[in-house]
file query.pdb (PDB, C-alpha atoms)
ATOM      1  CA  MET Z   1     -13.408  19.798 -19.128
ATOM      2  CA  SER Z   2     -14.560  20.263 -15.535
ATOM      3  CA  ARG Z   3     -13.416  18.184 -12.611
ATOM      4  CA  PRO Z   4     -13.758  18.410  -8.835
ATOM      5  CA  PRO Z   5     -11.021  20.008  -6.715
ATOM      6  CA  VAL Z   6      -8.451  17.504  -5.476
ATOM      7  CA  SER Z   7      -6.135  17.262  -2.469
ATOM      8  CA  VAL Z   8      -2.835  15.652  -3.485
ATOM      9  CA  VAL Z   9      -0.982  13.894  -0.646
ATOM     10  CA  VAL Z  10       2.593  12.636  -0.958
ATOM     11  CA  PRO Z  11       3.985  10.657   2.024
ATOM     12  CA  PHE Z  12       7.718  11.244   2.387
ATOM     13  CA  ALA Z  13      10.511   9.517   4.348
ATOM     14  CA  GLY Z  14      13.781  10.274   2.560
ATOM     15  CA  ASP Z  15      16.708  12.661   2.821
ATOM     16  CA  ALA Z  16      16.897  16.391   2.079
ATOM     17  CA  ALA Z  17      17.796  15.886  -1.585
ATOM     18  CA  GLN Z  18      14.905  13.472  -2.069
ATOM     19  CA  ALA Z  19      12.600  15.982  -0.371
ATOM     20  CA  LEU Z  20      13.325  18.451  -3.164
ATOM     21  CA  ILE Z  21      12.385  15.790  -5.714
ATOM     22  CA  ALA Z  22       9.102  15.075  -3.880
ATOM     23  CA  LEU Z  23       8.266  18.789  -3.805
ATOM     24  CA  ALA Z  24       9.078  19.033  -7.510
ATOM     25  CA  LEU Z  25       6.667  16.140  -8.156
ATOM     26  CA  LEU Z  26       3.834  18.041  -6.506
ATOM     27  CA  ARG Z  27       4.672  21.281  -8.296
ATOM     28  CA  SER Z  28       4.846  19.528 -11.661
ATOM     29  CA  LEU Z  29       1.103  18.827 -11.561
ATOM     30  CA  ARG Z  30      -1.217  21.155 -13.450
ATOM     31  CA  THR Z  31      -3.613  22.383 -10.787
ATOM     32  CA  ARG Z  32      -6.804  24.396 -10.835
ATOM     33  CA  THR Z  33      -8.445  26.735  -8.377
ATOM     34  CA  GLY Z  34      -9.412  24.729  -5.302
ATOM     35  CA  ASP Z  35      -6.729  22.043  -5.599
ATOM     36  CA  GLU Z  36      -4.300  21.660  -2.709
ATOM     37  CA  LEU Z  37      -0.840  20.096  -2.526
ATOM     38  CA  ILE Z  38       0.332  18.384   0.666
ATOM     39  CA  ILE Z  39       3.520  16.574   1.596
ATOM     40  CA  ALA Z  40       3.352  14.440   4.748
ATOM     41  CA  ASP Z  41       6.859  14.563   6.219
ATOM     42  CA  ASN Z  42       7.523  11.268   8.010
ATOM     43  CA  CYS Z  43      11.161  11.999   8.834
ATOM     44  CA  GLY Z  44      11.639  15.741   9.455
ATOM     45  CA  GLN Z  45      13.581  16.458   6.257
ATOM     46  CA  VAL Z  46      11.150  18.757   4.422
ATOM     47  CA  ALA Z  47      11.492  22.538   4.720
ATOM     48  CA  PRO Z  48       8.524  24.474   6.148
ATOM     49  CA  GLY Z  49       5.483  24.794   3.943
ATOM     50  CA  THR Z  50       5.158  27.436   1.267
ATOM     51  CA  GLU Z  51       2.207  29.142  -0.336
ATOM     52  CA  ASP Z  52       1.770  26.375  -2.908
ATOM     53  CA  VAL Z  53       2.656  23.255  -0.872
ATOM     54  CA  ALA Z  54       1.555  22.515   2.697
ATOM     55  CA  VAL Z  55       3.918  20.441   4.852
ATOM     56  CA  VAL Z  56       2.347  18.179   7.465
ATOM     57  CA  ARG Z  57       4.629  16.744  10.128
ATOM     58  CA  ALA Z  58       3.843  13.040  10.461
ATOM     59  CA  ALA Z  59       5.954  12.378  13.540
ATOM     60  CA  GLY Z  60       5.889   9.164  15.511
ATOM     61  CA  GLU Z  61       5.360   6.016  13.505
ATOM     62  CA  ARG Z  62       7.531   5.988  10.394
ATOM     63  CA  THR Z  63       5.280   4.199   7.919
ATOM     64  CA  PRO Z  64       3.561   5.201   4.672
ATOM     65  CA  ALA Z  65       0.180   4.463   6.262
ATOM     66  CA  HIS Z  66       0.758   6.938   9.097
ATOM     67  CA  ALA Z  67       2.050   9.605   6.709
ATOM     68  CA  ARG Z  68      -0.890   9.170   4.321
ATOM     69  CA  ASN Z  69      -3.373   9.394   7.181
ATOM     70  CA  ALA Z  70      -1.673  12.539   8.502
ATOM     71  CA  GLY Z  71      -1.786  14.113   5.060
ATOM     72  CA  ALA Z  72      -5.428  13.135   4.562
ATOM     73  CA  ALA Z  73      -6.317  14.723   7.919
ATOM     74  CA  ARG Z  74      -4.986  18.016   6.554
ATOM     75  CA  ALA Z  75      -6.754  17.599   3.190
ATOM     76  CA  SER Z  76     -10.079  19.364   2.725
ATOM     77  CA  ARG Z  77     -11.313  18.334  -0.735
ATOM     78  CA  ASP Z  78     -13.813  15.627  -1.679
ATOM     79  CA  TRP Z  79     -11.162  13.648  -3.561
ATOM     80  CA  ILE Z  80      -7.675  12.796  -2.264
ATOM     81  CA  LEU Z  81      -4.928  11.652  -4.621
ATOM     82  CA  PHE Z  82      -2.198   9.619  -2.931
ATOM     83  CA  LEU Z  83       1.102   9.615  -4.824
ATOM     84  CA  ASP Z  84       4.344   8.025  -3.660
ATOM     85  CA  ALA Z  85       7.400  10.241  -3.647
ATOM     86  CA  ASP Z  86       9.271   7.917  -6.023
ATOM     87  CA  VAL Z  87       6.944   8.309  -8.999
ATOM     88  CA  ARG Z  88       7.077  10.633 -11.993
ATOM     89  CA  ALA Z  89       3.747  12.106 -13.020
ATOM     90  CA  PRO Z  90       2.599  13.979 -16.135
ATOM     91  CA  ALA Z  91       1.333  17.515 -15.617
ATOM     92  CA  SER Z  92      -2.112  16.386 -16.780
ATOM     93  CA  LEU Z  93      -2.524  13.648 -14.131
ATOM     94  CA  LEU Z  94      -5.379  15.271 -12.173
ATOM     95  CA  ASP Z  95      -7.356  15.933 -15.338
ATOM     96  CA  ASP Z  96      -6.585  12.424 -16.624
ATOM     97  CA  TYR Z  97      -8.285  10.912 -13.587
ATOM     98  CA  PHE Z  98     -11.547  12.677 -14.377
ATOM     99  CA  ALA Z  99     -11.628  12.200 -18.147
ATOM    100  CA  GLU Z 100     -14.820  10.293 -17.339
ATOM    101  CA  PRO Z 101     -16.980  11.129 -14.301
ATOM    102  CA  PRO Z 102     -16.911   8.424 -11.612
ATOM    103  CA  GLY Z 103     -20.139   6.776 -10.531
ATOM    104  CA  ASP Z 104     -21.628   7.508  -7.123
ATOM    105  CA  GLY Z 105     -20.592   4.100  -5.783
ATOM    106  CA  VAL Z 106     -16.932   4.404  -6.773
ATOM    107  CA  GLY Z 107     -14.791   4.724  -3.664
ATOM    108  CA  ALA Z 108     -11.418   4.930  -5.426
ATOM    109  CA  LEU Z 109     -10.056   5.573  -8.896
ATOM    110  CA  VAL Z 110      -7.033   3.410  -9.574
ATOM    111  CA  GLY Z 111      -4.383   5.106 -11.709
ATOM    112  CA  GLU Z 112      -1.918   2.956 -13.631
ATOM    113  CA  ILE Z 113       1.722   2.517 -12.619
ATOM    114  CA  GLU Z 114       4.513   1.761 -15.073
ATOM    115  CA  GLY Z 115       8.163   1.062 -14.440
ATOM    116  CA  ALA Z 116      10.319   4.145 -15.068
ATOM    117  CA  PRO Z 117      12.574   3.480 -18.073
ATOM    118  CA  GLY Z 118      16.307   4.078 -18.168
ATOM    119  CA  GLY Z 119      17.240   2.554 -14.808
ATOM    120  CA  ARG Z 120      20.966   2.942 -14.092
ATOM    121  CA  THR Z 121      21.282  -0.313 -12.125
ATOM    122  CA  LEU Z 122      20.396  -3.933 -12.786
ATOM    123  CA  ALA Z 123      17.950  -3.926  -9.854
ATOM    124  CA  ALA Z 124      16.150  -0.827 -11.160
ATOM    125  CA  ARG Z 125      15.871  -2.280 -14.664
ATOM    126  CA  TYR Z 126      14.653  -5.578 -13.209
ATOM    127  CA  GLY Z 127      11.909  -3.802 -11.257
ATOM    128  CA  ALA Z 128      10.834  -1.796 -14.296
ATOM    129  CA  SER Z 129      10.743  -4.942 -16.445
ATOM    130  CA  ARG Z 130       8.672  -6.952 -13.945
ATOM    131  CA  ASN Z 131       6.591  -3.903 -12.897
ATOM    132  CA  PHE Z 132       5.212  -5.438  -9.704
ATOM    133  CA  LEU Z 133       2.996  -2.407  -9.088
ATOM    134  CA  SER Z 134       0.955  -2.675 -12.278
ATOM    135  CA  GLN Z 135      -2.522  -1.608 -11.255
ATOM    136  CA  ARG Z 136      -4.134  -3.484 -14.121
ATOM    137  CA  ALA Z 137      -2.639  -6.694 -12.709
ATOM    138  CA  HIS Z 138      -3.733  -5.714  -9.192
ATOM    139  CA  MET Z 139      -7.283  -5.111 -10.338
ATOM    140  CA  ASN Z 140      -7.300  -8.627 -11.822
ATOM    141  CA  HIS Z 141      -6.121 -10.215  -8.585
ATOM    142  CA  PRO Z 142      -7.667 -13.701  -8.232
ATOM    143  CA  PHE Z 143      -8.926 -13.054  -4.687
ATOM    144  CA  ARG Z 144     -10.509  -9.647  -5.349
ATOM    145  CA  PRO Z 145      -9.453  -6.325  -6.923
ATOM    146  CA  ARG Z 146      -6.810  -4.394  -5.049
ATOM    147  CA  ALA Z 147      -4.838  -1.197  -5.579
ATOM    148  CA  ALA Z 148      -1.419   0.210  -4.741
ATOM    149  CA  ALA Z 149      -1.489   3.610  -3.051
ATOM    150  CA  ALA Z 150       1.462   4.845  -5.115
ATOM    151  CA  ASN Z 151      -1.148   6.312  -7.505
ATOM    152  CA  LEU Z 152      -4.633   6.182  -6.029
ATOM    153  CA  MET Z 153      -7.478   8.719  -6.056
ATOM    154  CA  VAL Z 154      -9.829   8.145  -3.106
ATOM    155  CA  ARG Z 155     -13.224   9.668  -2.455
ATOM    156  CA  ARG Z 156     -13.090  11.401   0.933
ATOM    157  CA  ALA Z 157     -16.390   9.879   2.061
ATOM    158  CA  ALA Z 158     -15.043   6.394   1.325
ATOM    159  CA  PHE Z 159     -11.716   7.141   3.033
ATOM    160  CA  GLU Z 160     -13.483   8.312   6.174
ATOM    161  CA  ALA Z 161     -15.912   5.380   6.147
ATOM    162  CA  ALA Z 162     -12.982   2.960   6.051
ATOM    163  CA  GLY Z 163     -11.085   4.835   8.753
ATOM    164  CA  GLY Z 164      -8.084   5.432   6.517
ATOM    165  CA  PHE Z 165      -5.069   3.135   6.268
ATOM    166  CA  ILE Z 166      -4.308   0.691   9.060
ATOM    167  CA  GLU Z 167      -1.172   1.828  10.861
ATOM    168  CA  GLY Z 168       1.406  -0.255  12.676
ATOM    169  CA  VAL Z 169       2.276  -2.400   9.644
ATOM    170  CA  ARG Z 170       5.094  -2.098   7.136
ATOM    171  CA  ALA Z 171       3.475  -3.540   3.992
ATOM    172  CA  ALA Z 172       0.130  -4.443   2.364
ATOM    173  CA  GLU Z 173      -1.736  -1.596   4.072
ATOM    174  CA  ASP Z 174      -2.965  -0.375   0.671
ATOM    175  CA  THR Z 175      -4.297  -3.796  -0.342
ATOM    176  CA  ASP Z 176      -6.044  -4.039   3.021
ATOM    177  CA  PHE Z 177      -7.483  -0.546   2.526
ATOM    178  CA  SER Z 178      -8.866  -1.368  -0.920
ATOM    179  CA  TRP Z 179     -10.405  -4.609   0.351
ATOM    180  CA  ARG Z 180     -12.031  -2.838   3.289
ATOM    181  CA  LEU Z 181     -13.500  -0.282   0.888
ATOM    182  CA  GLN Z 182     -15.134  -3.118  -1.011
ATOM    183  CA  ASP Z 183     -16.390  -4.696   2.209
ATOM    184  CA  LEU Z 184     -18.188  -1.396   2.835
ATOM    185  CA  GLY Z 185     -19.860  -1.557  -0.577
ATOM    186  CA  TRP Z 186     -17.603   0.829  -2.496
ATOM    187  CA  THR Z 187     -16.099  -0.157  -5.825
ATOM    188  CA  LEU Z 188     -12.677   0.447  -7.391
ATOM    189  CA  GLU Z 189     -12.451   1.744 -10.945
ATOM    190  CA  LEU Z 190      -9.313   1.517 -13.088
ATOM    191  CA  ARG Z 191      -8.155   4.725 -14.756
ATOM    192  CA  PRO Z 192      -5.478   3.459 -17.182
ATOM    193  CA  GLN Z 193      -4.995   6.907 -18.699
ATOM    194  CA  ALA Z 194      -3.974   8.358 -15.298
ATOM    195  CA  VAL Z 195      -0.509   6.814 -15.406
ATOM    196  CA  VAL Z 196       2.687   7.503 -13.464
ATOM    197  CA  ALA Z 197       6.182   6.033 -13.791
ATOM    198  CA  HIS Z 198       7.605   4.364 -10.682
ATOM    199  CA  GLU Z 199      11.292   4.333  -9.737
ATOM    200  CA  TYR Z 200      12.054   0.823  -8.494
ATOM    201  CA  ARG Z 201      14.737   0.012  -5.916
ATOM    202  CA  ALA Z 202      18.241   0.782  -7.142
ATOM    203  CA  SER Z 203      20.143  -2.008  -5.376
ATOM    204  CA  LEU Z 204      19.570  -5.723  -5.051
ATOM    205  CA  ARG Z 205      19.911  -5.424  -1.278
ATOM    206  CA  GLU Z 206      17.083  -2.860  -1.126
ATOM    207  CA  LEU Z 207      14.989  -4.945  -3.503
ATOM    208  CA  ARG Z 208      15.431  -8.076  -1.406
ATOM    209  CA  ARG Z 209      14.497  -6.230   1.796
ATOM    210  CA  GLN Z 210      11.418  -4.843   0.091
ATOM    211  CA  TRP Z 211      10.477  -8.307  -1.191
ATOM    212  CA  ARG Z 212      10.643  -9.818   2.304
ATOM    213  CA  ALA Z 213       8.405  -7.004   3.545
ATOM    214  CA  TYR Z 214       5.917  -7.633   0.731
ATOM    215  CA  ALA Z 215       5.807 -11.325   1.676
ATOM    216  CA  ALA Z 216       5.283 -10.485   5.353
ATOM    217  CA  GLY Z 217       2.434  -8.236   4.247
ATOM    218  CA  ARG Z 218       0.801 -11.031   2.258
ATOM    219  CA  ALA Z 219       1.030 -13.387   5.235
ATOM    220  CA  TRP Z 220      -0.608 -10.672   7.352
ATOM    221  CA  LEU Z 221      -3.408 -10.328   4.798
ATOM    222  CA  ALA Z 222      -3.974 -14.092   4.921
ATOM    223  CA  SER Z 223      -4.515 -13.810   8.679
ATOM    224  CA  ARG Z 224      -7.157 -11.089   8.156
ATOM    225  CA  TYR Z 225      -9.042 -12.354   5.108
ATOM    226  CA  PRO Z 226     -10.366 -15.931   5.118
ATOM    227  CA  GLY Z 227      -9.944 -17.501   1.706
ATOM    228  CA  PHE Z 228      -6.911 -15.451   0.728
ATOM    229  CA  ARG Z 229      -3.753 -17.488   0.179
ATOM    230  CA  PRO Z 230      -0.426 -15.872  -0.700
ATOM    231  CA  GLU Z 231       0.488 -17.146  -4.129
ATOM    232  CA  PRO Z 232       4.053 -18.559  -4.134
ATOM    233  CA  ALA Z 233       6.575 -16.867  -6.411
ATOM    234  CA  LEU Z 234       6.931 -19.985  -8.570
ATOM    235  CA  GLU Z 235       3.207 -20.067  -9.303
ATOM    236  CA  ARG Z 236       3.214 -16.375 -10.217
ATOM    237  CA  ALA Z 237       6.236 -16.853 -12.470
ATOM    238  CA  LEU Z 238       4.624 -19.762 -14.320
ATOM    239  CA  ARG Z 239       1.391 -17.820 -14.755
ATOM    240  CA  ARG Z 240       3.336 -14.817 -16.028
ATOM    241  CA  LEU Z 241       5.242 -16.943 -18.519
ATOM    242  CA  ALA Z 242       2.041 -18.568 -19.766
ATOM    243  CA  ARG Z 243       0.440 -15.175 -20.256
ATOM    244  CA  ARG Z 244       3.439 -13.805 -22.153
ATOM    245  CA  ALA Z 245       4.479 -16.914 -24.099
ATOM    246  CA  PRO Z 246       2.927 -15.908 -27.450
ATOM    247  CA  ASP Z 247       4.887 -12.646 -27.370
ATOM    248  CA  ALA Z 248       8.213 -13.931 -26.078
ATOM    249  CA  GLY Z 249      10.225 -14.123 -29.298
ATOM    250  CA  PRO Z 250      13.519 -12.261 -29.748
ATOM    251  CA  GLY Z 251      11.799  -9.340 -31.462
ATOM    252  CA  SER Z 252       8.852  -9.125 -29.081
ATOM    253  CA  ALA Z 253       7.924  -6.212 -26.836
ATOM    254  CA  LEU Z 254       8.825  -8.364 -23.821
ATOM    255  CA  ALA Z 255      12.311  -9.020 -25.162
ATOM    256  CA  ARG Z 256      12.817  -5.333 -25.928
ATOM    257  CA  ARG Z 257      11.754  -4.385 -22.401
ATOM    258  CA  SER Z 258      14.027  -6.997 -20.836
ATOM    259  CA  GLY Z 259      17.215  -5.826 -22.556
ATOM    260  CA  SER Z 260      20.013  -8.127 -23.666
ATOM    261  CA  ARG Z 261      20.047 -11.902 -23.461
ATOM    262  CA  LEU Z 262      22.580 -11.666 -20.613
ATOM    263  CA  GLU Z 263      20.332  -9.273 -18.733
ATOM    264  CA  ARG Z 264      17.353 -11.582 -19.143
ATOM    265  CA  VAL Z 265      19.426 -14.386 -17.607
ATOM    266  CA  GLU Z 266      20.354 -12.053 -14.750
ATOM    267  CA  PHE Z 267      16.685 -11.226 -14.258
ATOM    268  CA  LEU Z 268      15.883 -14.930 -13.947
ATOM    269  CA  ALA Z 269      18.616 -15.236 -11.319
ATOM    270  CA  ILE Z 270      17.040 -12.365  -9.387
ATOM    271  CA  ASP Z 271      13.664 -14.118  -9.679
ATOM    272  CA  ALA Z 272      15.227 -17.136  -7.942
ATOM    273  CA  VAL Z 273      16.814 -15.030  -5.189
ATOM    274  CA  LEU Z 274      13.544 -13.214  -4.509
ATOM    275  CA  ALA Z 275      11.653 -16.514  -4.403
ATOM    276  CA  VAL Z 276      13.866 -17.508  -1.476
ATOM    277  CA  ASP Z 277      13.401 -14.094   0.155
ATOM    278  CA  GLU Z 278       9.672 -14.516  -0.212
ATOM    279  CA  MET Z 279       9.716 -17.801   1.697
ATOM    280  CA  ILE Z 280      11.662 -16.055   4.450
ATOM    281  CA  GLY Z 281       9.349 -13.041   4.429
ATOM    282  CA  LEU Z 282       6.211 -15.151   4.809
ATOM    283  CA  ARG Z 283       7.507 -16.097   8.249
ATOM    284  CA  LEU Z 284       8.416 -12.572   9.352
ATOM    285  CA  SER Z 285       6.311 -10.106  11.313
ATOM    286  CA  ASN Z 286       4.534  -7.385   9.379
ATOM    287  CA  SER Z 287       4.642  -4.991  12.326
ATOM    288  CA  ALA Z 288       6.135  -1.573  11.712
ATOM    289  CA  GLY Z 289       9.073  -2.479  13.930
ATOM    290  CA  GLY Z 290       9.876  -5.646  11.965
ATOM    291  CA  GLU Z 291      12.839  -6.323   9.685
ATOM    292  CA  ARG Z 292      13.422  -3.661   7.030
TER     293      ARG Z 292
END

call {"tool": "encode", "arguments": {"input": "query.pdb", "output": "structure tokens"}}
result
Amino acid sequence: MSRPPVSVVVPFAGDAAQALIALALLRSLRTRTGDELIIADNCGQVAPGTEDVAVVRAAGERTPAHARNAGAARASRDWILFLDADVRAPASLLDDYFAEPPGDGVGALVGEIEGAPGGRTLAARYGASRNFLSQRAHMNHPFRPRAAAANLMVRRAAFEAAGGFIEGVRAAEDTDFSWRLQDLGWTLELRPQAVVAHEYRASLRELRRQWRAYAAGRAWLASRYPGFRPEPALERALRRLARRAPDAGPGSALARRSGSRLERVEFLAIDAVLAVDEMIGLRLSNSAGGER
């Protein structure tokens, strides 16, 4: 099976130990002649580049958008795969993306994201159970399709036409990017077979901070896109329950994913806490210097 060469870009902003994990992610991919592996170091923790992985220093603004743009500037292939440093990817991921050739009008191939199983903390298991980054759900967004850049293959021509990711914000830059692609006439195409597992936040404190940032990002999107209204957490929860109701019995797949009865009650309590954090976040600034 033939496929085009790909530049893989991983934005990174962790510690030295996490840098080794991000490098291992890149090296775990089965590459072909012409592929290139790039880590965009947003915090100065990655060792100098080696023969197989290029390290780009993304100094200045410490945001995923800035790091992705810096990595893309170093990339030289016609397709750029953006992967977050906290995902696990199968060796076959690059080939999985091109199991079917994309049409000429496709600006981005949207790989699926699943919650990584076996979380050691309640917060991590909650995130995996809810799987907020599901690309299938994002592509069915009621306003218009969107995509998370944690696993996103972008055509270089489309990336350059859109001017890359908007910098200066702390959340929702990938949704904005995917909507701007569509404004330019490009389409998004789901690639469910190109799946990665995402490690969700390990502590409730980190999860709550992330949730406030997500809400600030949605409020920012509402200011940029007439007709878009951030859907309150309660509405999303009711819609999710309605969608899952037929499969919610004690032996269902949902119940198995959600763990014990006690844990399911704890998950509902976290839902309530995050609903409050969302109301707070909708009133916060989405600027890169805002609350984290």

call {"tool": "atom_distance", "arguments": {"input": "query.pdb", "atom1": "CA of Pro142 in chain Z", "atom2": "CA of Pro101 in chain Z"}}
result
27.2 Å

call {"tool": "atom_distance", "arguments": {"input": "query.pdb", "atom1": "CA of Gly127 in chain Z", "atom2": "CA of Asn140 in chain Z"}}
result
19.8 Å

call {"tool": "closest_atom_pairs", "arguments": {"input": "query.pdb", "of": "range 51-148 of chain Z", "to": "range 177-189 of chain Z", "cutoff": "8 Å", "atoms": "only C-alpha atoms", "output": "CSV"}}
result
residue,atom,partner,partner_atom,distance
Z:Gly105,CA,Z:Trp186,CA,5.5
Z:Val106,CA,Z:Thr187,CA,4.7
Z:Gly107,CA,Z:Trp186,CA,4.9
Z:Ala108,CA,Z:Leu188,CA,5.1
Z:Leu109,CA,Z:Glu189,CA,5.0
Z:Val110,CA,Z:Glu189,CA,5.8
Z:Arg144,CA,Z:Trp179,CA,7.6
Z:Pro145,CA,Z:Leu188,CA,7.5
Z:Arg146,CA,Z:Ser178,CA,5.5
Z:Ala147,CA,Z:Ser178,CA,6.2

call {"tool": "resolve_selection", "arguments": {"input": "query.pdb", "expression": "the PyMOL selection byres ((chain Z and resi 200-216) around 10)", "output": "PyMOL selection string"}}
result
chain Z and resi 86-87+115-117+119-129+131-133+169-172+197-199+217-222+230-233+270+273-287+290-292

call {"tool": "closest_residue", "arguments": {"input": "query.pdb", "among": "Z:Arg30, Z:Arg57, Z:Arg136, Z:Arg224", "to": "Phe12 in chain Z", "atoms": "only C-alpha atoms"}}
result
Z:Arg57

call {"tool": "closest_residue", "arguments": {"input": "query.pdb", "among": "Z:Leu94, Z:Cys43, Z:Leu152, Z:Ala54", "to": "Leu23 in chain Z", "atoms": "all atoms listed in the file"}}
result
Z:Ala54

call {"tool": "decode", "arguments": {"input": "query.pdb", "residues": "range 44-61 of chain Z", "atoms": "N, CA and C atoms", "output": "PDB file, in the first residue's frame"}}
result
ATOM      1  N   GLY Z  44      11.858  24.014  26.585  1.00  0.00           N
ATOM      2  CA  GLY Z  44      13.298  23.848  26.744  1.00  0.00           C
ATOM      3  C   GLY Z  44      13.718  22.604  27.490  1.00  0.00           C
ATOM      4  N   GLN Z  45      12.912  21.546  27.460  1.00  0.00           N
ATOM      5  CA  GLN Z  45      13.225  20.332  28.208  1.00  0.00           C
ATOM      6  C   GLN Z  45      13.685  19.166  27.328  1.00  0.00           C
ATOM      7  N   VAL Z  46      13.649  19.329  26.009  1.00  0.00           N
ATOM      8  CA  VAL Z  46      13.989  18.232  25.114  1.00  0.00           C
ATOM      9  C   VAL Z  46      15.454  18.330  24.709  1.00  0.00           C
ATOM     10  N   ALA Z  47      16.157  17.190  24.752  1.00  0.00           N
ATOM     11  CA  ALA Z  47      17.563  17.156  24.362  1.00  0.00           C
ATOM     12  C   ALA Z  47      17.699  17.528  22.890  1.00  0.00           C
ATOM     13  N   PRO Z  48      18.897  17.927  22.463  1.00  0.00           N
ATOM     14  CA  PRO Z  48      19.089  18.287  21.046  1.00  0.00           C
ATOM     15  C   PRO Z  48      18.657  17.180  20.110  1.00  0.00           C
ATOM     16  N   GLY Z  49      18.309  17.572  18.895  1.00  0.00           N
ATOM     17  CA  GLY Z  49      17.794  16.622  17.922  1.00  0.00           C
ATOM     18  C   GLY Z  49      18.785  15.532  17.560  1.00  0.00           C
ATOM     19  N   THR Z  50      18.255  14.416  17.121  1.00  0.00           N
ATOM     20  CA  THR Z  50      19.071  13.291  16.692  1.00  0.00           C
ATOM     21  C   THR Z  50      18.812  13.032  15.216  1.00  0.00           C
ATOM     22  N   GLU Z  51      19.413  11.990  14.708  1.00  0.00           N
ATOM     23  CA  GLU Z  51      19.262  11.693  13.287  1.00  0.00           C
ATOM     24  C   GLU Z  51      17.819  11.366  12.916  1.00  0.00           C
ATOM     25  N   ASP Z  52      17.081  10.759  13.863  1.00  0.00           N
ATOM     26  CA  ASP Z  52      15.720  10.332  13.524  1.00  0.00           C
ATOM     27  C   ASP Z  52      14.640  11.309  13.949  1.00  0.00           C
ATOM     28  N   VAL Z  53      14.913  12.191  14.914  1.00  0.00           N
ATOM     29  CA  VAL Z  53      13.914  13.146  15.391  1.00  0.00           C
ATOM     30  C   VAL Z  53      14.524  14.552  15.424  1.00  0.00           C
ATOM     31  N   ALA Z  54      13.883  15.478  14.720  1.00  0.00           N
ATOM     32  CA  ALA Z  54      14.315  16.878  14.759  1.00  0.00           C
ATOM     33  C   ALA Z  54      13.643  17.585  15.926  1.00  0.00           C
ATOM     34  N   VAL Z  55      14.394  18.423  16.635  1.00  0.00           N
ATOM     35  CA  VAL Z  55      13.855  19.208  17.742  1.00  0.00           C
ATOM     36  C   VAL Z  55      13.812  20.671  17.321  1.00  0.00           C
ATOM     37  N   VAL Z  56      12.614  21.238  17.366  1.00  0.00           N
ATOM     38  CA  VAL Z  56      12.422  22.653  17.047  1.00  0.00           C
ATOM     39  C   VAL Z  56      12.164  23.399  18.341  1.00  0.00           C
ATOM     40  N   ARG Z  57      12.909  24.436  18.593  1.00  0.00           N
ATOM     41  CA  ARG Z  57      12.703  25.246  19.795  1.00  0.00           C
ATOM     42  C   ARG Z  57      11.566  26.233  19.542  1.00  0.00           C
ATOM     43  N   ALA Z  58      10.488  26.068  20.274  1.00  0.00           N
ATOM     44  CA  ALA Z  58       9.323  26.951  20.137  1.00  0.00           C
ATOM     45  C   ALA Z  58       9.304  27.892  21.334  1.00  0.00           C
ATOM     46  N   ALA Z  59      10.281  28.767  21.396  1.00  0.00           N
ATOM     47  CA  ALA Z  59      10.408  29.691  22.522  1.00  0.00           C
ATOM     48  C   ALA Z  59       9.380  30.802  22.406  1.00  0.00           C
ATOM     49  N   GLY Z  60       9.209  31.514  23.504  1.00  0.00           N
ATOM     50  CA  GLY Z  60       8.258  32.628  23.505  1.00  0.00           C
ATOM     51  C   GLY Z  60       6.948  32.199  24.101  1.00  0.00           C
ATOM     52  N   GLU Z  61       5.893  32.266  23.305  1.00  0.00           N
ATOM     53  CA  GLU Z  61       4.564  31.937  23.798  1.00  0.00           C
ATOM     54  C   GLU Z  61       4.457  30.441  24.105  1.00  0.00           C
TER      55      GLU Z  61
END
